[in-house]
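Q: Once you've had a glance at the structure underneath, I'll fire off some questions.
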Amino acid sequence: MSEPHKDRRAGLIAFGVLHILLGCFSFLLLLRIAAFAGNAAQNLFLDSAATVYFIATGIGSMRGRRWARALIAAVSGAWTVFGVLALAVLLFARTPPTAQAIIAVAIFSIALPLVLTLFYSSRDTALTADELDPKFRWTDRAPVPALALCAVLAFCSIETLMTSGRQTFVLFGHLLAGAPATLAMIALGILFAHLAIQVYRLRESAWWVLMLLHVIGGATSAMELQLRSPALWTTIAVGWIAYLCFLIWLRRYFVGSSGQAPAPVLST
C-alpha cells in the first residue's frame with residue numbers, strides 16, 4: 001500500500017505537454033539550422049538531442065512513467081545549475097549584456113528548469129509516479145543526483161568528442177596543438193563516457209576519479225585565472241567549491257555500493 005500523498009497526475013500531464021512544446025520548439029530550431037547553417041554539425045546534434053529528449057520525456061510524464069519523472073528531475077536540476085553559472089558569467093563579461101539577454105537566461109535557463117526540478121523531485125510527484133507505474137525502471141538503479149551527474153558527464157563526453165578537431169587544447173595548464181590536442185580530447189571524451197557509465201553503476205572508483213579531476217582542474221585553473229577579472233575569478237571559485245561540496249555529499253551513494261542492487265522506489 002502506497003504512502004499518503006497528494007495526487008500530482010494533473011501536474012505530470014501539464015508539464016508533459018510543456019515538454020512536448022519545448023521539443024517542438026527545438027525541432028523548429030533544428031530546421032532553421034539545417035536550412036541556413038549547413039556546417040553547424042554541433043548545433044544540429046544538440047538540437048536533435050533536445051528534440052528527442054523533450055518529446056520522449058513529455059510523453060513519459062503524461063503517461064506517469066517513473067523513468068520520465070526521475071530523468072526530468074535530474075536533467076532539470078543540472079540545467080538550473082548551468083543556467084545560474086551562465087547568468088553569472090554573462091553579468092561579469094567585459095561587454096555589458098543587454099537586458100533582453102539577461103531576462104532570457106533568467107527565464108529559460110533558471111526559472112523554467114527550477115520549476116521543473118522542484119515539481120519532479122517532490123515527494124508527492126515521486127509517489128504519484130510510483131503508483132501509476134509500479135514496474136522497475138532503469139532509472140531506479142541510481143538516485144536522481146547521480147543521474148544528473150551521469151547526464152552532465154554524457155553531455156561533456158559528446159561535446160568533447162565533437163570539438164576534438166580543433167587545433168589547440170589546454171589540458172591541465174599545458175597547451176597542446178595538432179594531433180596531440182586531438183588525441184587528448186578524444187581520450188578525455190572517452191573518459192567522460194566511461195565515468196558516466198560507472199557513476200550510473202555507483203562505482204566508488206568513479207567517484208574518486210571525479211574528485212581527482214576536480215582538484216587537479218581547479219588547481220591548474222587557479223594559476224591560469226590570476227590575471228582575469230576578480231569578479232569572474234570569484235564566480236568560478238564559488239562554482240568550484242559548490243561542485244566539490246556536491247561530490248562530497250554524493251559520496252553517500254557510492255560507499256559500500258556494488259552498483260547492482262536497485263535503488264529504492266522513491267529515488268530522490
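Residue numbering restarts at 1 in every chain; chains get A, B, ... in the order shown in the C-alpha cells, and ligands count up from 1 in that same order.
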Just list as a PyMOL selection string whatever in stretch 13-251 of chain A DSSP marks as helix (DSSP H, G or I).

A: chain A and resi 13-36+41-62+66-91+99-120+123-132+138-141+144-162+179-200+204-224+230-251

Q: I need the residue nearest A:Ala129 from this list: A:Phe192, A:Tyr253, A:Trp67, A:Trp79. Use only C-alpha atoms for the distance.

A: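 Using only C-alpha atoms, the shortest distance to A:Ala129 belongs to A:Trp67.
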
Q: Report as a list in words all protein, DNA and RNA residues lying within 9 Å of A:Pro180, evaluated on only C-alpha atoms, omitting residues in the same chain fewer than 4 positions from it.

A: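 Surrounding residues, per the criterion: Thr168, Phe169, Leu176, Ala184 and Met185 of chain A.
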
Q: Run DSSP on the backbone and grab whatever in stretch 48-184 of chain A lands in strand (DSSP E); send it over as a VMD selection string.

A: chain A and resid 168 to 171 174 to 177

Q: So how many Å separate atom CA of A:Val215 and atom CA of A:Arg141, to one decimal?

A: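 Between these atoms lies a distance of 27.9 Å.
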
Q: Can I get the residues of stretch 27-121 of chain A within 8 Å of stretch 143-154 of chain A, each with the closest pair of atoms and their distance in Å to one decimal, using only C-alpha atoms, sorted chain first then ascending number, as a tab-separated table?

A:
residue	atom	partner	partner_atom	distance
A:Ala70	CA	A:Val144	CA	6.0
A:Leu71	CA	A:Leu147	CA	7.2
A:Ala73	CA	A:Val144	CA	6.9
A:Ala74	CA	A:Ala148	CA	4.2
A:Val75	CA	A:Ala148	CA	5.6
A:Gly77	CA	A:Ala148	CA	7.0
A:Ala78	CA	A:Ala148	CA	6.0

Q: Once you have the residues from the selection above, write them out as a PDB file, in the first residue's frame, restricted to C-alpha atoms.

A:
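For reference, out-v5.pdb as written:
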ATOM      1  CA  ALA A  70      13.486  10.764 -12.454  1.00  0.00           C
ATOM      2  CA  LEU A  71      15.158  11.776 -15.716  1.00  0.00           C
ATOM      3  CA  ALA A  73      14.275  15.850 -12.212  1.00  0.00           C
ATOM      4  CA  ALA A  74      17.929  15.012 -12.902  1.00  0.00           C
ATOM      5  CA  VAL A  75      18.330  16.902 -16.186  1.00  0.00           C
ATOM      6  CA  GLY A  77      18.483  20.160 -11.863  1.00  0.00           C
ATOM      7  CA  ALA A  78      21.683  20.200 -13.913  1.00  0.00           C
TER       8      ALA A  78
END

Q: Calculated over only C-alpha atoms, which of the candidates A:His194, A:Arg123, A:Arg166, A:Lys135 has the smallest distance to A:Ala181?

A: A:Arg166

Q: Let me make sure I understand: among A:Ala179, A:Thr163, A:Arg65, A:Ile186, which one has the smallest atom-to-atom distance to A:Arg137 if we use only C-alpha atoms?

A: A:Arg65

Q: One decimal, in Å: what's the spacing between atom CA of A:Ser61 and atom CA of A:Phe119?

A: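 Between atom CA of A:Ser61 and atom CA of A:Phe119 the gap is 11.7 Å.
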
Q: Fewer than 4 positions away in the same chain doesn't count, so skip those; otherwise give me all residues within 10 Å of stretch 39-53 of chain A, counting only C-alpha atoms, as an mmCIF file with C-alpha atoms, in the first residue's frame.

A:
data_model
loop_
_atom_site.group_PDB
_atom_site.id
_atom_site.type_symbol
_atom_site.label_atom_id
_atom_site.label_comp_id
_atom_site.auth_asym_id
_atom_site.auth_seq_id
_atom_site.Cartn_x
_atom_site.Cartn_y
_atom_site.Cartn_z
ATOM 1 C CA HIS A 19 7.998 19.321 -22.544
ATOM 2 C CA ILE A 20 6.410 18.369 -25.848
ATOM 3 C CA LEU A 21 6.056 22.062 -26.719
ATOM 4 C CA LEU A 22 9.725 22.585 -25.873
ATOM 5 C CA GLY A 23 10.522 19.631 -28.121
ATOM 6 C CA CYS A 24 8.574 21.222 -30.966
ATOM 7 C CA PHE A 25 10.476 24.473 -30.421
ATOM 8 C CA SER A 26 13.785 22.576 -30.533
ATOM 9 C CA PHE A 27 12.648 20.916 -33.755
ATOM 10 C CA LEU A 28 11.931 24.321 -35.312
ATOM 11 C CA LEU A 29 15.423 25.450 -34.335
ATOM 12 C CA LEU A 30 16.753 22.263 -35.889
ATOM 13 C CA LEU A 31 15.022 23.034 -39.179
ATOM 14 C CA ARG A 32 16.301 26.604 -39.124
ATOM 15 C CA ILE A 33 19.886 25.493 -38.550
ATOM 16 C CA ALA A 34 19.614 22.838 -41.249
ATOM 17 C CA THR A 57 10.127 12.707 -21.510
ATOM 18 C CA GLY A 58 6.984 14.728 -22.213
ATOM 19 C CA ALA A 68 10.499 10.139 -17.058
ATOM 20 C CA LEU A 71 15.158 11.776 -15.716
ATOM 21 C CA ILE A 72 13.392 15.154 -15.849
ATOM 22 C CA VAL A 75 18.330 16.902 -16.186
ATOM 23 C CA PHE A 155 26.999 15.697 -22.403
ATOM 24 C CA ILE A 158 29.743 14.154 -26.624
ATOM 25 C CA GLU A 159 30.740 17.828 -26.590
ATOM 26 C CA MET A 162 32.534 16.724 -31.366
ATOM 27 C CA THR A 163 35.089 19.507 -30.834
#

Q: Which residue out of A:Gly64, A:Gly178, A:Gly218, A:Pro97 has the minimum interatomic distance to A:Thr128 when only C-alpha atoms are used?

A: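 With only C-alpha atoms as the atom set, the closest residue is A:Gly64.
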
Q: Taking into account only C-alpha atoms, which residue in the set A:Leu127, A:Ala187, A:Ala219, A:Val199 is nearest to A:His5?

A: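 Counting only C-alpha atoms, the residue closest to A:His5 is A:Leu127.
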
Q: For atom CA of A:Ala10 and atom CA of A:Phe136, quote the distance in Å rounded to one decimal.

A: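 Between these atoms lies a distance of 22.8 Å.
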